[in-house]
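**Q** Structure file data33.txt, compact mmCIF, C-alpha atoms, is pasted below:
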```
# COMPACT_ATOMS: atom_id res chain seq x y z
CA MET A 1446 -8.95 -7.23 15.28
CA ALA A 1447 -12.66 -7.88 15.27
CA ILE A 1448 -12.34 -10.63 17.86
CA LYS A 1449 -13.18 -9.49 21.35
CA GLU A 1450 -10.36 -9.44 23.86
CA GLY A 1451 -10.49 -11.65 26.93
CA LEU A 1452 -12.21 -14.63 25.35
CA ARG A 1453 -11.20 -17.87 26.98
CA PRO A 1454 -8.97 -19.69 24.47
CA GLY A 1455 -10.45 -23.06 23.61
CA GLY A 1456 -13.92 -21.94 24.74
CA ARG A 1457 -17.06 -22.04 22.62
CA SER A 1458 -16.29 -18.70 21.02
CA ALA A 1459 -12.79 -19.76 20.03
CA ARG A 1460 -14.10 -23.00 18.53
CA VAL A 1461 -16.67 -21.12 16.45
CA GLN A 1462 -13.99 -18.73 15.26
CA GLU A 1463 -11.66 -21.57 14.34
CA SER A 1464 -14.37 -23.39 12.36
CA ILE A 1465 -15.15 -20.17 10.44
CA HIS A 1466 -11.45 -19.53 9.74
CA SER A 1467 -11.03 -23.12 8.45
CA ALA A 1468 -14.11 -22.76 6.26
CA VAL A 1469 -12.59 -19.63 4.70
CA ARG A 1470 -9.22 -21.29 4.16
CA ALA A 1471 -10.86 -24.34 2.56
CA LEU A 1472 -13.06 -22.25 0.25
CA LEU A 1473 -10.12 -20.08 -0.82
CA GLU A 1474 -8.31 -23.22 -1.92
CA GLU A 1475 -11.25 -24.39 -3.98
CA GLN A 1476 -12.42 -21.21 -5.67
CA ASP A 1477 -11.51 -17.68 -6.62
CA ARG A 1478 -11.64 -15.26 -3.68
CA ALA A 1479 -13.93 -12.88 -5.60
CA THR A 1480 -16.64 -15.57 -5.65
CA VAL A 1481 -16.59 -16.49 -1.94
CA THR A 1482 -19.72 -15.36 -0.06
CA VAL A 1483 -20.72 -15.11 3.61
CA PRO A 1484 -23.63 -17.62 3.28
CA GLN A 1485 -21.21 -20.10 1.71
CA ILE A 1486 -18.72 -19.71 4.54
CA ALA A 1487 -21.51 -20.01 7.11
CA ALA A 1488 -22.83 -23.21 5.52
CA ARG A 1489 -19.36 -24.74 5.46
CA ALA A 1490 -18.64 -23.75 9.07
CA GLY A 1491 -22.05 -24.87 10.32
CA VAL A 1492 -23.06 -21.45 11.64
CA THR A 1493 -25.65 -18.90 10.53
CA PRO A 1494 -24.56 -15.95 8.35
CA SER A 1495 -25.64 -13.60 11.14
CA THR A 1496 -22.97 -15.15 13.42
CA ILE A 1497 -20.39 -14.00 10.90
CA TYR A 1498 -21.91 -10.54 10.39
CA ARG A 1499 -22.20 -10.04 14.15
CA ARG A 1500 -18.59 -10.91 14.78
CA TRP A 1501 -16.82 -9.42 11.76
CA GLY A 1502 -19.24 -6.90 10.28
CA ASP A 1503 -18.57 -7.89 6.67
CA LEU A 1504 -16.78 -10.31 4.40
CA SER A 1505 -13.68 -8.19 3.84
CA ALA A 1506 -13.07 -7.87 7.60
CA LEU A 1507 -13.32 -11.66 7.93
CA LEU A 1508 -10.96 -12.25 4.98
CA ALA A 1509 -8.49 -9.76 6.49
CA ASP A 1510 -8.71 -11.51 9.85
CA VAL A 1511 -7.99 -14.91 8.29
CA ALA A 1512 -5.12 -13.47 6.25
CA LEU A 1513 -3.60 -11.82 9.33
CA ALA A 1514 -3.94 -15.00 11.38
CA ARG A 1515 -2.19 -16.88 8.61
CA MET A 1516 0.59 -14.32 8.38
CA GLN A 1517 1.05 -14.03 12.15
CA PRO A 1518 4.29 -15.86 12.78
CA ASP A 1519 3.92 -18.80 15.15
CA SER A 1520 7.44 -18.31 16.50
CA GLU A 1521 9.62 -15.45 17.70
CA PRO A 1522 11.85 -13.69 15.14
CA ALA A 1523 15.06 -15.65 14.52
CA ASN A 1524 17.81 -14.99 17.08
CA THR A 1525 21.11 -14.88 15.23
CA GLY A 1526 23.14 -13.41 18.08
CA SER A 1527 23.47 -9.89 16.63
CA LEU A 1528 21.10 -6.98 16.10
CA ARG A 1529 22.11 -6.63 12.44
CA GLY A 1530 21.65 -10.37 11.86
CA ASP A 1531 18.23 -10.44 13.52
CA VAL A 1532 16.96 -7.42 11.60
CA ARG A 1533 18.28 -8.81 8.32
CA ALA A 1534 16.70 -12.22 8.92
CA TRP A 1535 13.37 -10.61 9.83
CA ALA A 1536 13.41 -8.18 6.91
CA GLU A 1537 14.34 -10.83 4.33
CA GLN A 1538 11.53 -13.11 5.51
CA TYR A 1539 9.07 -10.19 5.57
CA LEU A 1540 9.98 -9.13 2.02
CA ASP A 1541 9.69 -12.73 0.89
CA GLU A 1542 6.30 -13.32 2.51
CA MET A 1543 4.76 -10.04 1.38
CA SER A 1544 5.92 -10.55 -2.23
CA SER A 1545 4.20 -13.95 -2.36
CA GLU A 1546 0.66 -14.36 -3.69
CA PRO A 1547 -0.87 -14.89 -0.19
CA GLY A 1548 1.14 -11.92 1.06
CA ARG A 1549 -0.17 -9.62 -1.67
CA ASN A 1550 -3.71 -10.81 -1.01
CA MET A 1551 -3.23 -10.10 2.66
CA LEU A 1552 -2.00 -6.57 1.97
CA ARG A 1553 -5.12 -5.98 -0.12
CA ASP A 1554 -7.54 -7.55 2.38
CA VAL A 1555 -6.07 -5.66 5.30
CA GLN A 1556 -6.47 -2.32 3.54
CA SER A 1557 -10.14 -2.91 2.88
CA SER A 1558 -10.74 -4.06 6.46
CA LEU A 1559 -11.63 -1.75 9.30
CA THR A 1560 -8.44 -2.51 11.21
CA PRO A 1561 -5.50 -1.82 8.87
CA GLY A 1562 -3.64 -0.36 11.85
CA PHE A 1563 -3.27 -3.85 13.27
CA CYS A 1564 -0.70 -4.58 10.57
CA ALA A 1565 1.80 -1.98 11.77
CA THR A 1566 1.14 -3.02 15.38
CA LEU A 1567 1.95 -6.64 14.55
CA ILE A 1568 5.17 -5.75 12.73
CA GLY A 1569 6.12 -3.28 15.46
CA GLY A 1570 5.74 -6.02 18.09
CA GLN A 1571 8.06 -8.37 16.21
CA LEU A 1572 10.68 -5.68 15.72
CA GLN A 1573 10.44 -4.65 19.38
CA THR A 1574 11.14 -8.27 20.39
CA ILE A 1575 14.36 -8.07 18.40
CA LEU A 1576 15.34 -4.66 19.79
CA ASP A 1577 14.73 -5.81 23.38
CA ARG A 1578 17.38 -8.50 22.96
CA TYR A 1579 20.10 -5.83 22.72
CA PRO A 1580 19.42 -3.45 25.61
CA ASP A 1581 22.94 -2.02 25.81
CA GLN A 1582 23.33 -1.17 22.13
CA PRO A 1583 22.51 2.11 20.36
CA LYS A 1584 19.66 1.26 18.03
CA PRO A 1585 16.69 2.66 16.08
CA SER A 1586 13.13 2.47 17.39
CA ALA A 1587 10.67 -0.09 16.03
CA ASP A 1588 8.88 2.79 14.27
CA GLN A 1589 12.08 3.86 12.54
CA LEU A 1590 12.62 0.28 11.35
CA ILE A 1591 9.05 0.19 10.04
CA ASN A 1592 9.62 3.46 8.14
CA LEU A 1593 13.03 2.57 6.75
CA VAL A 1594 12.74 -1.19 6.14
CA ALA A 1595 9.15 -2.48 6.12
CA ALA A 1596 7.63 0.53 4.30
CA PRO A 1597 9.94 0.44 1.24
CA SER A 1598 9.48 -3.34 0.98
CA VAL A 1599 5.70 -3.05 0.84
CA PHE A 1600 5.60 0.17 -1.24
CA ARG A 1601 7.71 -1.41 -3.95
CA ILE A 1602 5.53 -4.54 -4.00
CA LEU A 1603 2.35 -2.50 -4.37
CA PHE A 1604 3.41 0.40 -6.59
CA SER A 1605 6.60 -0.40 -8.42
CA LYS A 1606 7.44 -2.60 -11.37
CA ALA A 1607 10.02 -4.63 -9.44
CA PRO A 1608 10.25 -5.53 -5.75
CA LEU A 1609 13.17 -4.34 -3.64
CA GLU A 1610 16.45 -6.17 -4.28
CA VAL A 1611 18.04 -7.84 -1.24
CA GLU A 1612 21.10 -5.57 -1.64
CA GLU A 1613 18.85 -2.50 -1.39
CA LEU A 1614 17.14 -4.03 1.63
CA HIS A 1615 20.53 -4.49 3.32
CA ARG A 1616 21.47 -0.90 2.49
CA LEU A 1617 18.26 0.36 4.09
CA ILE A 1618 18.98 -1.73 7.20
CA GLU A 1619 22.46 -0.17 7.45
CA ILE A 1620 20.88 3.30 7.24
CA ALA A 1621 18.38 2.37 9.98
CA LEU A 1622 21.09 0.90 12.24
CA GLY A 1623 23.25 3.98 11.72
CA GLN A 1624 20.58 6.29 13.21
CA MET B 638 -1.01 3.61 -18.76
CA ALA B 639 -3.61 1.96 -20.90
CA ILE B 640 -3.52 4.80 -23.39
CA LYS B 641 -1.43 4.03 -26.42
CA GLU B 642 1.74 6.07 -26.83
CA GLY B 643 2.16 8.35 -29.80
CA LEU B 644 -1.41 9.52 -30.09
CA ARG B 645 -1.69 13.00 -31.51
CA PRO B 646 -2.76 15.26 -28.62
CA GLY B 647 -6.02 17.00 -29.41
CA GLY B 648 -6.87 14.38 -32.03
CA ARG B 649 -10.06 12.30 -32.10
CA SER B 650 -8.64 9.76 -29.75
CA ALA B 651 -7.65 12.40 -27.18
CA ARG B 652 -11.10 13.97 -27.37
CA VAL B 653 -12.79 10.61 -26.76
CA GLN B 654 -10.51 10.00 -23.81
CA GLU B 655 -11.21 13.39 -22.33
CA SER B 656 -14.97 12.94 -22.62
CA ILE B 657 -14.73 9.56 -20.88
CA HIS B 658 -12.52 11.01 -18.13
CA SER B 659 -15.00 13.86 -17.56
CA ALA B 660 -17.90 11.42 -17.45
CA VAL B 661 -16.09 9.44 -14.72
CA ARG B 662 -15.28 12.58 -12.74
CA ALA B 663 -18.88 13.80 -12.96
CA LEU B 664 -20.35 10.44 -11.92
CA LEU B 665 -17.94 10.13 -8.99
CA GLU B 666 -19.19 13.45 -7.71
CA GLU B 667 -22.81 12.35 -7.93
CA GLN B 668 -22.69 8.81 -6.59
CA ASP B 669 -20.67 6.30 -4.61
CA ARG B 670 -17.75 4.85 -6.57
CA ALA B 671 -18.87 1.28 -5.83
CA THR B 672 -22.06 1.90 -7.83
CA VAL B 673 -20.47 3.39 -10.97
CA THR B 674 -20.69 1.09 -14.01
CA VAL B 675 -19.11 1.05 -17.47
CA PRO B 676 -22.47 1.36 -19.33
CA GLN B 677 -23.27 4.41 -17.20
CA ILE B 678 -19.94 6.04 -18.03
CA ALA B 679 -20.37 5.20 -21.70
CA ALA B 680 -23.87 6.74 -21.79
CA ARG B 681 -22.64 9.91 -20.11
CA ALA B 682 -19.64 10.20 -22.42
CA GLY B 683 -21.62 9.42 -25.55
CA VAL B 684 -19.58 6.35 -26.52
CA THR B 685 -20.34 2.63 -26.55
CA PRO B 686 -19.25 0.47 -23.60
CA SER B 687 -17.02 -1.49 -25.98
CA THR B 688 -14.99 1.69 -26.64
CA ILE B 689 -14.19 1.74 -22.94
CA TYR B 690 -13.45 -2.00 -22.68
CA ARG B 691 -11.25 -1.83 -25.78
CA ARG B 692 -9.18 1.02 -24.45
CA TRP B 693 -8.94 0.25 -20.72
CA GLY B 694 -9.84 -3.42 -20.38
CA ASP B 695 -12.00 -2.96 -17.31
CA LEU B 696 -13.56 -0.44 -14.96
CA SER B 697 -10.80 -0.52 -12.37
CA ALA B 698 -8.14 0.31 -14.97
CA LEU B 699 -10.24 3.27 -16.14
CA LEU B 700 -10.79 4.50 -12.56
CA ALA B 701 -7.05 4.18 -11.89
CA ASP B 702 -6.28 6.12 -15.08
CA VAL B 703 -8.64 8.94 -14.10
CA ALA B 704 -7.25 9.00 -10.56
CA LEU B 705 -3.67 9.15 -11.86
CA ALA B 706 -4.52 11.91 -14.33
CA ARG B 707 -6.10 13.87 -11.51
CA MET B 708 -3.09 13.35 -9.26
CA GLN B 709 -0.59 14.13 -11.99
CA PRO B 710 0.62 17.60 -11.05
CA ASP B 711 0.02 20.16 -13.78
CA SER B 712 3.15 22.06 -12.83
CA GLU B 713 6.77 21.28 -12.00
CA PRO B 714 7.68 20.63 -8.35
CA ALA B 715 8.12 23.90 -6.45
CA ASN B 716 11.56 25.50 -6.84
CA THR B 717 12.57 26.94 -3.48
CA GLY B 718 16.22 27.51 -4.35
CA SER B 719 17.64 24.62 -2.30
CA LEU B 720 17.59 20.84 -2.61
CA ARG B 721 16.37 20.42 0.96
CA GLY B 722 13.60 22.99 0.43
CA ASP B 723 12.45 21.42 -2.83
CA VAL B 724 12.37 17.90 -1.38
CA ARG B 725 10.52 19.10 1.72
CA ALA B 726 7.94 21.01 -0.33
CA TRP B 727 7.40 18.02 -2.59
CA ALA B 728 7.19 15.52 0.27
CA GLU B 729 4.77 17.63 2.33
CA GLN B 730 2.46 18.06 -0.64
CA TYR B 731 2.69 14.35 -1.46
CA LEU B 732 1.86 13.32 2.12
CA ASP B 733 -1.00 15.77 2.14
CA GLU B 734 -2.48 14.62 -1.16
CA MET B 735 -2.13 10.90 -0.45
CA SER B 736 -3.76 11.26 3.01
CA SER B 737 -6.82 12.94 1.47
CA GLU B 738 -9.90 10.97 0.47
CA PRO B 739 -9.17 11.22 -3.31
CA GLY B 740 -5.55 10.27 -2.58
CA ARG B 741 -6.55 7.13 -0.65
CA ASN B 742 -8.98 6.19 -3.42
CA MET B 743 -6.23 6.63 -5.96
CA LEU B 744 -3.86 4.39 -4.00
CA ARG B 745 -6.58 1.73 -3.95
CA ASP B 746 -7.52 2.10 -7.63
CA VAL B 747 -3.92 2.01 -8.78
CA GLN B 748 -3.25 -1.23 -6.92
CA SER B 749 -6.16 -2.97 -8.56
CA SER B 750 -5.18 -1.69 -12.00
CA LEU B 751 -2.80 -3.47 -14.31
CA THR B 752 -0.26 -0.66 -14.23
CA PRO B 753 0.59 0.01 -10.57
CA GLY B 754 4.22 0.49 -11.63
CA PHE B 755 3.24 3.76 -13.27
CA CYS B 756 2.83 5.28 -9.82
CA ALA B 757 6.51 4.89 -8.86
CA THR B 758 7.53 6.05 -12.36
CA LEU B 759 5.47 9.23 -11.97
CA ILE B 760 6.90 10.01 -8.52
CA GLY B 761 10.40 9.15 -9.70
CA GLY B 762 10.06 11.63 -12.58
CA GLN B 763 9.06 14.45 -10.25
CA LEU B 764 11.90 13.73 -7.86
CA GLN B 765 14.38 13.51 -10.73
CA THR B 766 13.27 16.99 -11.88
CA ILE B 767 14.22 18.29 -8.43
CA LEU B 768 17.55 16.43 -8.32
CA ASP B 769 18.53 17.71 -11.79
CA ARG B 770 18.32 21.28 -10.52
CA TYR B 771 21.35 20.70 -8.29
CA PRO B 772 23.93 18.99 -10.51
CA ASP B 773 26.96 19.92 -8.40
CA GLN B 774 25.63 18.74 -5.07
CA PRO B 775 26.04 15.31 -3.43
CA LYS B 776 22.54 13.87 -3.31
CA PRO B 777 20.51 10.67 -3.13
CA SER B 778 19.00 9.02 -6.20
CA ALA B 779 15.29 9.36 -6.99
CA ASP B 780 14.90 5.69 -5.99
CA GLN B 781 16.46 6.36 -2.58
CA LEU B 782 14.06 9.26 -2.05
CA ILE B 783 11.15 7.00 -2.99
CA ASN B 784 12.30 4.35 -0.50
CA LEU B 785 13.06 6.76 2.35
CA VAL B 786 10.39 9.44 1.91
CA ALA B 787 7.47 8.39 -0.33
CA ALA B 788 7.28 4.77 0.90
CA PRO B 789 6.92 5.54 4.64
CA SER B 790 4.33 8.24 3.83
CA VAL B 791 2.15 5.80 1.91
CA PHE B 792 2.78 2.78 4.17
CA ARG B 793 1.63 4.69 7.21
CA ILE B 794 -1.49 5.91 5.42
CA LEU B 795 -2.43 2.40 4.35
CA PHE B 796 -1.37 0.26 7.31
CA SER B 797 -0.95 2.36 10.40
CA LYS B 798 -3.35 4.00 12.81
CA ALA B 799 -1.91 7.47 12.28
CA PRO B 800 -0.23 9.07 9.26
CA LEU B 801 3.38 10.23 9.42
CA GLU B 802 3.93 13.45 11.39
CA VAL B 803 5.62 16.28 9.49
CA GLU B 804 8.54 16.15 11.96
CA GLU B 805 9.10 12.48 11.13
CA LEU B 806 8.87 13.31 7.44
CA HIS B 807 11.58 15.96 7.86
CA ARG B 808 13.76 13.50 9.79
CA LEU B 809 13.44 10.97 6.95
CA ILE B 810 14.39 13.67 4.43
CA GLU B 811 17.51 14.49 6.48
CA ILE B 812 18.43 10.80 6.46
CA ALA B 813 17.94 10.65 2.69
CA LEU B 814 19.98 13.82 2.07
CA GLY B 815 22.76 12.49 4.29
CA GLN B 816 23.31 9.45 2.06
```
Mind turning this structure into C-alpha cells?
**A**
Amino acid sequence: MAIKEGLRPGGRSARVQESIHSAVRALLEEQDRATVTVPQIAARAGVTPSTIYRRWGDLSALLADVALARMQPDSEPANTGSLRGDVRAWAEQYLDEMSSEPGRNMLRDVQSSLTPGFCATLIGGQLQTILDRYPDQPKPSADQLINLVAAPSVFRILFSKAPLEVEELHRLIEIALGQ
Amino acid sequence: MAIKEGLRPGGRSARVQESIHSAVRALLEEQDRATVTVPQIAARAGVTPSTIYRRWGDLSALLADVALARMQPDSEPANTGSLRGDVRAWAEQYLDEMSSEPGRNMLRDVQSSLTPGFCATLIGGQLQTILDRYPDQPKPSADQLINLVAAPSVFRILFSKAPLEVEELHRLIEIALGQ
C-alpha cells in the first residue's frame, strides 16, 4: 500500500486520506473511470493535486488503493464450524465479488498499480485466519489454497469465456483439502 | 480474434494484416507502447486508419491480436515421450514466457481486448494436443490442467510479489496428474 505504516488512525493524515478516498468513490459514481483526473479528485477532496501525487505517485495507484479498501472485508471470514465449510464460504464469496463489475475493475486497477503483491497478501491473510481455527487438522497452506482455489477463480474471470462454475470450485477445494 | 474466419491465407486480406502486424512490431521496438497510435501504425503499414478501425475496432484489440500472434507457438508442444514430461515442458515454457516483459504485456493487452476468452482457448488447444498423445492413460482434462497449472502461474505473475517456483509448478502438475 502507498499509505505509510504507523500513522495514527483518526489523525490529520487519516482524515485527508479518507476525504480523498470519498472523492474518488463519489466521482466514480458520477462519471466513467477513464475520465477521472487527479485535479478533479483534488478539487472535490479540498486538497492540492500535489498532496495526491506525493502520497500515491499517480492516479492508477490511488484508484487501486480505493478499490482495495473497498474490497477489504470489514469482518472475519465466516466461521461455519468446519474447515471445508469455511473455505467454501470464503471461496464462493471471493468468486462472486471478483466476477462483479467492481471486482473486475479492482483486478485491473491493482495490476496497473505498483503494489499488486498486496492482493495475494490480503487473500493469504484471510485464508490463514481460517486455517488457524483448525490447528489439529491436516490442511493445506494458505499459499496452496491461493494456487488451487483463488488463482483459477481469477484466471477464468480474466481470460476465459465463462467464469468457474460453483461445482468446479468445490472440486478444486476438495483437491486442496486432500493435499 | 477480430480477424474474420475463412479468409484465404496469403490473399489480399492476409497481406494487409501481416503488414499491419509488422508495423506494430516495428513501432513497439522503437517507442513506448503507451505512445503508439493508430494513425502512426496506418502510416507505417501503408493503409488508412479506417482499415485498422474496421478490422480491429480499436488500438487495444489490435495490440492484443499482435501479442497473441507473437505468443502463438509456431510448433507443437514438445513431445518428450511421457505425459508428465510433456506437461512439465509445456508448463515451464508457459511460466517462462508469461513472466517475461512481452508476456506480461500480452496478459495486459488481452484483458483489455474484446476477446480475452481466446487466451484460454489457445492454451486449451495446446494442452489437448498433449493429452491426445496418451489415449490409454488416465489423465486430467485440458480444463483441469488450465485450472491447476496455467491459472496459478498467471495469478502469481499478476498479483503476487514473486512468481511461482519451478518446484511448486511441478507439485501442481503432480496434483493435476493424480486426478
**Q** Which of these, A:Gln1571, A:Ser1467, A:Thr1480, A:Ser1598, has the shortest distance to chain B once you count only C-alpha atoms?
**A**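 Looking only at the distances to chain B, the closest residue turns out to be A:Ser1598.
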**Q** Could you write out as a ChimeraX atom specification the residues of chain B within 6 Å of chain A, counting only C-alpha atoms?
**A** /B:753-754,756-757,784,788-789,792,796-798
**Q** Just to confirm, what's the straight-line distance from CA of Arg1499 (chain A) to CA of Arg1515 (chain A) in Å (one decimal)?
**A**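 Computing it gives 21.9 Å between the two atoms.
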**Q** Taking every listed atom of region 775-792 of chain B and adding 5 Å to each side, what centre and edge lengths in Å (one decimal) does the axis-aligned box have, as lines of an AutoDock Vina configuration file?
**A**
```
center_x = 14.1
center_y = 9.0
center_z = -1.2
size_x = 33.9
size_y = 22.5
size_z = 21.6
```
**Q** I'd like to know which of B:Arg741, B:Arg808, B:Arg721, B:Arg681 is closest to Leu768 (chain B), using all atoms listed in the file.
**A**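 Going through B:Arg741, B:Arg808, B:Arg721, B:Arg681 one by one, the smallest distance to Leu768 (chain B) is for B:Arg721.
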**Q** For CA of Ser650 (chain B) and CA of Gly762 (chain B), determine how far apart the two atoms are, in Å to one decimal place.
**A**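 Between CA of Ser650 (chain B) and CA of Gly762 (chain B) the gap works out to 25.5 Å.
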**Q** Take CA of Val653 (chain B) and CA of Glu666 (chain B) and report the distance between them in Å, one decimal.
**A** 20.3 Å
**Q** List the neighbours of Trp727 (chain B) out to 12 Å using all atoms listed in the file; skip same-chain residues closer than 3 positions along the sequence, and give me the result as a PyMOL selection string.
**A** chain B and resi 710+712-717+720-724+730-734+760-761+763-768+782-783+786-787+806-807+810
**Q** Could you please fill out region 755-784 of chain B with N, CA and C atoms and send it back as an mmCIF file, in the coordinates of the input?
**A**
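Below is the file that was written, out_30.cif:
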```cif
data_model
loop_
_atom_site.group_PDB
_atom_site.id
_atom_site.type_symbol
_atom_site.label_atom_id
_atom_site.label_comp_id
_atom_site.auth_asym_id
_atom_site.auth_seq_id
_atom_site.Cartn_x
_atom_site.Cartn_y
_atom_site.Cartn_z
ATOM 1 N N PHE B 755 3.231 2.392 -12.755
ATOM 2 C CA PHE B 755 3.240 3.760 -13.270
ATOM 3 C C PHE B 755 3.350 4.777 -12.141
ATOM 4 N N CYS B 756 2.840 4.402 -10.979
ATOM 5 C CA CYS B 756 2.830 5.280 -9.820
ATOM 6 C C CYS B 756 4.261 5.657 -9.408
ATOM 7 N N ALA B 757 5.121 4.641 -9.248
ATOM 8 C CA ALA B 757 6.510 4.890 -8.860
ATOM 9 C C ALA B 757 7.245 5.650 -9.969
ATOM 10 N N THR B 758 6.891 5.364 -11.233
ATOM 11 C CA THR B 758 7.530 6.050 -12.360
ATOM 12 C C THR B 758 7.198 7.544 -12.315
ATOM 13 N N LEU B 759 5.927 7.846 -12.040
ATOM 14 C CA LEU B 759 5.470 9.230 -11.970
ATOM 15 C C LEU B 759 6.196 9.991 -10.851
ATOM 16 N N ILE B 760 6.220 9.387 -9.657
ATOM 17 C CA ILE B 760 6.900 10.010 -8.520
ATOM 18 C C ILE B 760 8.383 10.170 -8.816
ATOM 19 N N GLY B 761 8.975 9.122 -9.383
ATOM 20 C CA GLY B 761 10.400 9.150 -9.700
ATOM 21 C C GLY B 761 10.733 10.296 -10.643
ATOM 22 N N GLY B 762 9.855 10.549 -11.621
ATOM 23 C CA GLY B 762 10.060 11.630 -12.580
ATOM 24 C C GLY B 762 10.065 12.994 -11.894
ATOM 25 N N GLN B 763 9.132 13.177 -10.967
ATOM 26 C CA GLN B 763 9.060 14.450 -10.250
ATOM 27 C C GLN B 763 10.315 14.672 -9.405
ATOM 28 N N LEU B 764 10.724 13.601 -8.717
ATOM 29 C CA LEU B 764 11.900 13.730 -7.860
ATOM 30 C C LEU B 764 13.155 13.960 -8.691
ATOM 31 N N GLN B 765 13.217 13.318 -9.856
ATOM 32 C CA GLN B 765 14.380 13.510 -10.730
ATOM 33 C C GLN B 765 14.454 14.967 -11.199
ATOM 34 N N THR B 766 13.317 15.572 -11.485
ATOM 35 C CA THR B 766 13.270 16.990 -11.880
ATOM 36 C C THR B 766 13.928 17.851 -10.798
ATOM 37 N N ILE B 767 13.610 17.546 -9.542
ATOM 38 C CA ILE B 767 14.220 18.290 -8.430
ATOM 39 C C ILE B 767 15.723 18.039 -8.384
ATOM 40 N N LEU B 768 16.123 16.776 -8.452
ATOM 41 C CA LEU B 768 17.550 16.430 -8.320
ATOM 42 C C LEU B 768 18.374 17.082 -9.438
ATOM 43 N N ASP B 769 17.796 17.153 -10.650
ATOM 44 C CA ASP B 769 18.530 17.710 -11.790
ATOM 45 C C ASP B 769 18.799 19.203 -11.631
ATOM 46 N N ARG B 770 18.083 19.850 -10.733
ATOM 47 C CA ARG B 770 18.320 21.280 -10.520
ATOM 48 C C ARG B 770 19.623 21.547 -9.770
ATOM 49 N N TYR B 771 20.164 20.509 -9.134
ATOM 50 C CA TYR B 771 21.350 20.700 -8.290
ATOM 51 C C TYR B 771 22.461 19.743 -8.721
ATOM 52 N N PRO B 772 22.997 19.966 -9.926
ATOM 53 C CA PRO B 772 23.930 18.990 -10.510
ATOM 54 C C PRO B 772 25.235 18.874 -9.722
ATOM 55 N N ASP B 773 25.632 19.941 -9.025
ATOM 56 C CA ASP B 773 26.960 19.920 -8.400
ATOM 57 C C ASP B 773 26.916 19.534 -6.924
ATOM 58 N N GLN B 774 25.786 19.000 -6.488
ATOM 59 C CA GLN B 774 25.630 18.740 -5.070
ATOM 60 C C GLN B 774 25.561 17.229 -4.829
ATOM 61 N N PRO B 775 26.215 16.730 -3.734
ATOM 62 C CA PRO B 775 26.040 15.310 -3.430
ATOM 63 C C PRO B 775 24.579 15.088 -3.039
ATOM 64 N N LYS B 776 23.971 14.046 -3.595
ATOM 65 C CA LYS B 776 22.540 13.870 -3.310
ATOM 66 C C LYS B 776 22.134 12.421 -3.526
ATOM 67 N N PRO B 777 20.999 12.041 -2.938
ATOM 68 C CA PRO B 777 20.510 10.670 -3.130
ATOM 69 C C PRO B 777 19.951 10.508 -4.536
ATOM 70 N N SER B 778 19.678 9.259 -4.931
ATOM 71 C CA SER B 778 19.000 9.020 -6.200
ATOM 72 C C SER B 778 17.490 9.178 -5.985
ATOM 73 N N ALA B 779 16.750 9.283 -7.086
ATOM 74 C CA ALA B 779 15.290 9.360 -6.990
ATOM 75 C C ALA B 779 14.738 8.102 -6.302
ATOM 76 N N ASP B 780 15.341 6.949 -6.618
ATOM 77 C CA ASP B 780 14.900 5.690 -5.990
ATOM 78 C C ASP B 780 15.088 5.718 -4.473
ATOM 79 N N GLN B 781 16.225 6.278 -4.031
ATOM 80 C CA GLN B 781 16.460 6.360 -2.580
ATOM 81 C C GLN B 781 15.431 7.269 -1.924
ATOM 82 N N LEU B 782 15.091 8.365 -2.604
ATOM 83 C CA LEU B 782 14.060 9.260 -2.050
ATOM 84 C C LEU B 782 12.701 8.564 -2.009
ATOM 85 N N ILE B 783 12.409 7.757 -3.021
ATOM 86 C CA ILE B 783 11.150 7.000 -2.990
ATOM 87 C C ILE B 783 11.138 6.061 -1.790
ATOM 88 N N ASN B 784 12.241 5.311 -1.606
ATOM 89 C CA ASN B 784 12.300 4.350 -0.500
ATOM 90 C C ASN B 784 12.207 5.032 0.867
#
```
